[in-house]
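Chemist: Got a structure for you, questions after.
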Amino acid sequence: MAKKKLEEEMIEDSTVDMEDESVQEAESGSASAPVDIKTDKPAKNNQKRWYIVHTYSGYENKVKVNLEKRIEYMNMADKIFRIEVPQKTVTQVKGGKKQEKDEKIFPGYVLVEMIMDEDSWYVVRHTSGVTKFVGSAKKPIPAKESEIKRIIHRTDTQVQKIELDVKVGDKVRIISGPFADFDGDIIEVYPDKAKLRANVSIFGRETPVELEYKQIQKL
């Protein structure tokens, strides 16, 4: 769903040809450079825009590193400016221990800010791990600037997401808040909100209490 939403919201043309192209095809030279669909000649565009690049699964960071090296080696810093792999930090709590990891917001996609012409297209498209631009083979579609700003802002100002290995029926101890030191039984879990509901015995009466993951400890 995330991939579909990204493509639908961020491209400025709804009639996009999303046929797959392999990296092997690009390296063999059979892939076409971007062309002006009216003149059938290499497109000329001096405007800096953001484009979305599709990659092999798990290759997002490798593509970023490889592309940065190619930009330096091929002297393309005046045409390719930034490469972003939007990520968020996830905190997992297992066995009472916290572990942090980076999680891709849009797996399989890399954002590239560039001036699109025949040379810059070639450098990006022929980077190892890249499968295609979002758009047709001959006409990559620039992303909406407003959407890119929203994604980058979301990445820069992200709030850590906490994942807790709990389920309905587990017993937990509340470690902070007005019910600190009480024990409870989980009756509902809301992983997308990092919250849960637990029955807590207060004055001999079972009372449902909503708690954040960070407020409890699994027993």
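How things are named: the first chain in the structure tokens is A, the next is B, and so on; residues count from 1 in each chain; ligands count from 1 in the order shown.
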Counting only C-alpha atoms, what is within 9 Å of Lys167 of chain A, bar same-chain residues fewer than 6 positions away, as a PyMOL selection string?
Modeler: chain A and resi 186-189
Chemist: Export N, CA and C atoms of the chosen residues as a PDB file, in the first residue's frame?
Modeler:
ATOM      1  N   ILE A 186      -3.324  -7.322  29.650  1.00  0.00           N
ATOM      2  CA  ILE A 186      -3.615  -6.653  28.384  1.00  0.00           C
ATOM      3  C   ILE A 186      -4.902  -7.190  27.779  1.00  0.00           C
ATOM      4  N   ILE A 187      -5.787  -6.264  27.371  1.00  0.00           N
ATOM      5  CA  ILE A 187      -7.042  -6.666  26.737  1.00  0.00           C
ATOM      6  C   ILE A 187      -7.130  -6.184  25.281  1.00  0.00           C
ATOM      7  N   GLU A 188      -6.330  -5.178  24.926  1.00  0.00           N
ATOM      8  CA  GLU A 188      -6.288  -4.694  23.542  1.00  0.00           C
ATOM      9  C   GLU A 188      -4.891  -4.128  23.273  1.00  0.00           C
ATOM     10  N   VAL A 189      -4.452  -4.246  22.009  1.00  0.00           N
ATOM     11  CA  VAL A 189      -3.146  -3.707  21.613  1.00  0.00           C
ATOM     12  C   VAL A 189      -3.330  -2.861  20.356  1.00  0.00           C
TER      13      VAL A 189
END
Chemist: List the spatial neighbours of Asp119 of chain A as a list in words - criterion: any atom at most 9 Å away, only C-alpha atoms, same-chain residues fewer than 4 positions off excluded.
Modeler: Ala33, Met76, Lys79, Val123 and Val124 of chain A
Chemist: Need to verify the contact set: Lys48 of chain A, 12 Å, only C-alpha atoms, exclusion of same-chain residues closer than 5 positions in sequence. Can you return it as a list in words?
Modeler: Asp78, Lys79, Ile80, Phe81, Arg82, Val112, Glu113, Met114, Ile115, Met116, Asp117, Ser120, Pro142, Ala143 and Glu145 of chain A
Chemist: Could you name the residues that touch Lys62 of chain A at 10 Å or less, counting only C-alpha atoms, but leaving out those on the same chain fewer than 3 positions away, as a PDB file with N, CA and C atoms, in the first residue's frame?
Modeler:
ATOM      1  N   THR A  55      14.253   0.834  -6.856  1.00  0.00           N
ATOM      2  CA  THR A  55      15.446   0.003  -6.694  1.00  0.00           C
ATOM      3  C   THR A  55      15.048  -1.434  -6.368  1.00  0.00           C
ATOM      4  N   TYR A  56      16.025  -2.312  -6.460  1.00  0.00           N
ATOM      5  CA  TYR A  56      15.798  -3.663  -5.971  1.00  0.00           C
ATOM      6  C   TYR A  56      15.555  -3.608  -4.462  1.00  0.00           C
ATOM      7  N   GLY A  58      15.832  -3.816  -0.710  1.00  0.00           N
ATOM      8  CA  GLY A  58      16.975  -3.861   0.185  1.00  0.00           C
ATOM      9  C   GLY A  58      18.213  -3.163  -0.345  1.00  0.00           C
ATOM     10  N   TYR A  59      18.128  -2.574  -1.545  1.00  0.00           N
ATOM     11  CA  TYR A  59      19.291  -1.930  -2.170  1.00  0.00           C
ATOM     12  C   TYR A  59      19.258  -0.406  -2.023  1.00  0.00           C
ATOM     13  N   VAL A  65      24.827   5.148  -1.938  1.00  0.00           N
ATOM     14  CA  VAL A  65      26.294   5.167  -1.880  1.00  0.00           C
ATOM     15  C   VAL A  65      26.891   5.070  -3.279  1.00  0.00           C
ATOM     16  N   ASN A  66      26.385   4.132  -4.080  1.00  0.00           N
ATOM     17  CA  ASN A  66      26.910   3.943  -5.445  1.00  0.00           C
ATOM     18  C   ASN A  66      26.705   5.182  -6.300  1.00  0.00           C
ATOM     19  N   LEU A  67      25.528   5.799  -6.171  1.00  0.00           N
ATOM     20  CA  LEU A  67      25.236   6.991  -6.969  1.00  0.00           C
ATOM     21  C   LEU A  67      26.113   8.161  -6.547  1.00  0.00           C
ATOM     22  N   GLU A  68      26.342   8.321  -5.268  1.00  0.00           N
ATOM     23  CA  GLU A  68      27.216   9.402  -4.798  1.00  0.00           C
ATOM     24  C   GLU A  68      28.639   9.226  -5.348  1.00  0.00           C
ATOM     25  N   THR A 127      23.120   3.194 -12.490  1.00  0.00           N
ATOM     26  CA  THR A 127      23.691   2.896 -11.182  1.00  0.00           C
ATOM     27  C   THR A 127      23.250   1.509 -10.740  1.00  0.00           C
ATOM     28  N   SER A 128      24.181   0.726 -10.250  1.00  0.00           N
ATOM     29  CA  SER A 128      23.885  -0.640  -9.823  1.00  0.00           C
ATOM     30  C   SER A 128      22.784  -0.645  -8.750  1.00  0.00           C
ATOM     31  N   GLY A 129      21.753  -1.461  -8.963  1.00  0.00           N
ATOM     32  CA  GLY A 129      20.652  -1.563  -8.024  1.00  0.00           C
ATOM     33  C   GLY A 129      19.419  -0.800  -8.443  1.00  0.00           C
ATOM     34  N   VAL A 130      19.569   0.132  -9.388  1.00  0.00           N
ATOM     35  CA  VAL A 130      18.425   0.908  -9.884  1.00  0.00           C
ATOM     36  C   VAL A 130      17.694   0.102 -10.955  1.00  0.00           C
TER      37      VAL A 130
END
Chemist: I need the residues in segment 71-214 of chain A that are helix (DSSP H, G or I) according to DSSP; give them as a PDB file with C-alpha atoms, in the first residue's frame.
Modeler:
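Full text of selection.pdb as output:
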ATOM      1  CA  ILE A  71      28.461  11.619  -9.258  1.00  0.00           C
ATOM      2  CA  GLU A  72      31.974  12.351  -7.996  1.00  0.00           C
ATOM      3  CA  TYR A  73      33.737  10.107 -10.517  1.00  0.00           C
ATOM      4  CA  GLU A 118      20.520  12.843 -21.169  1.00  0.00           C
ATOM      5  CA  ASP A 119      23.751  12.746 -19.132  1.00  0.00           C
ATOM      6  CA  SER A 120      22.219  12.913 -15.650  1.00  0.00           C
ATOM      7  CA  TRP A 121      19.573  10.359 -16.607  1.00  0.00           C
ATOM      8  CA  TYR A 122      22.307   7.993 -17.790  1.00  0.00           C
ATOM      9  CA  VAL A 123      24.311   8.303 -14.555  1.00  0.00           C
ATOM     10  CA  VAL A 124      21.306   7.552 -12.333  1.00  0.00           C
ATOM     11  CA  ARG A 125      19.676   4.919 -14.515  1.00  0.00           C
ATOM     12  CA  GLU A 145       7.764  19.594  -4.565  1.00  0.00           C
ATOM     13  CA  SER A 146       5.167  19.822  -1.795  1.00  0.00           C
ATOM     14  CA  GLU A 147       5.192  16.049  -1.316  1.00  0.00           C
ATOM     15  CA  ILE A 148       8.997  15.885  -1.224  1.00  0.00           C
ATOM     16  CA  LYS A 149       9.139  18.647   1.400  1.00  0.00           C
ATOM     17  CA  ARG A 150       6.551  16.808   3.478  1.00  0.00           C
ATOM     18  CA  ILE A 151       8.523  13.548   3.314  1.00  0.00           C
ATOM     19  CA  ILE A 152      11.875  15.146   4.130  1.00  0.00           C
ATOM     20  CA  HIS A 153      10.330  17.178   6.964  1.00  0.00           C
ATOM     21  CA  ARG A 154       8.748  13.996   8.291  1.00  0.00           C
ATOM     22  CA  THR A 155      12.160  12.294   8.225  1.00  0.00           C
ATOM     23  CA  ASP A 156      13.971  15.205   9.895  1.00  0.00           C
ATOM     24  CA  TYR A 213       4.213   1.260  25.456  1.00  0.00           C
ATOM     25  CA  LYS A 214       6.800   3.360  27.255  1.00  0.00           C
TER      26      LYS A 214
END
Chemist: For segment 171-173 of chain A, work out the shell of residues within 8 Å, counting only C-alpha atoms and skipping chain neighbours fewer than 5 positions away, then give it as a list of chain:residue names.
Modeler: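 Near segment 171-173 of chain A, the qualifying residues are A:Ala180, A:Asp181, A:Phe182, A:Asp183, A:Gly184, A:Asp185, A:Ile186, A:Ile216, A:Gln217, A:Lys218, A:Leu219.
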Chemist: Determine which residues of segment 54-212 of chain A DSSP labels as strand (DSSP E or B) from the backbone of this structure, then write them out as a ChimeraX atom specification.
Modeler: /A:54-55,80-84,87-94,97-104,109-115,130-133,135,140,142-143,161-164,171-174,183-190,195-202,205-212
Chemist: Please measure the separation of atom CA of Leu164 of chain A and atom CA of Lys195 of chain A, giving the value in Å to one decimal.
Modeler: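 Distance reported for this atom pair: 9.4 Å.
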Chemist: Suppose you want the space between atom CA of Lys88 of chain A and atom CA of Pro107 of chain A; what is it in Å?
Modeler: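 Spanning atom CA of Lys88 of chain A to atom CA of Pro107 of chain A is a straight-line distance of 11.6 Å.
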Chemist: Smallest atom-to-atom distance to Arg49 of chain A: which of A:Lys144, A:Lys104, A:Arg197, A:Arg70, using only C-alpha atoms?
Modeler: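 Closest candidate: A:Lys144.
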Chemist: For atom CA of Val90 of chain A and atom CA of Asp192 of chain A, quote the distance in Å rounded to one decimal.
Modeler: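 Interatomic distance here is 11.9 Å.
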Chemist: Find the spatial neighbours of segment 84-87 of chain A, counting only C-alpha atoms, within a cut-off of 6 Å - ignore same-chain residues fewer than 3 positions away - and output them as a PyMOL selection string.
Modeler: chain A and resi 103-105+110-111
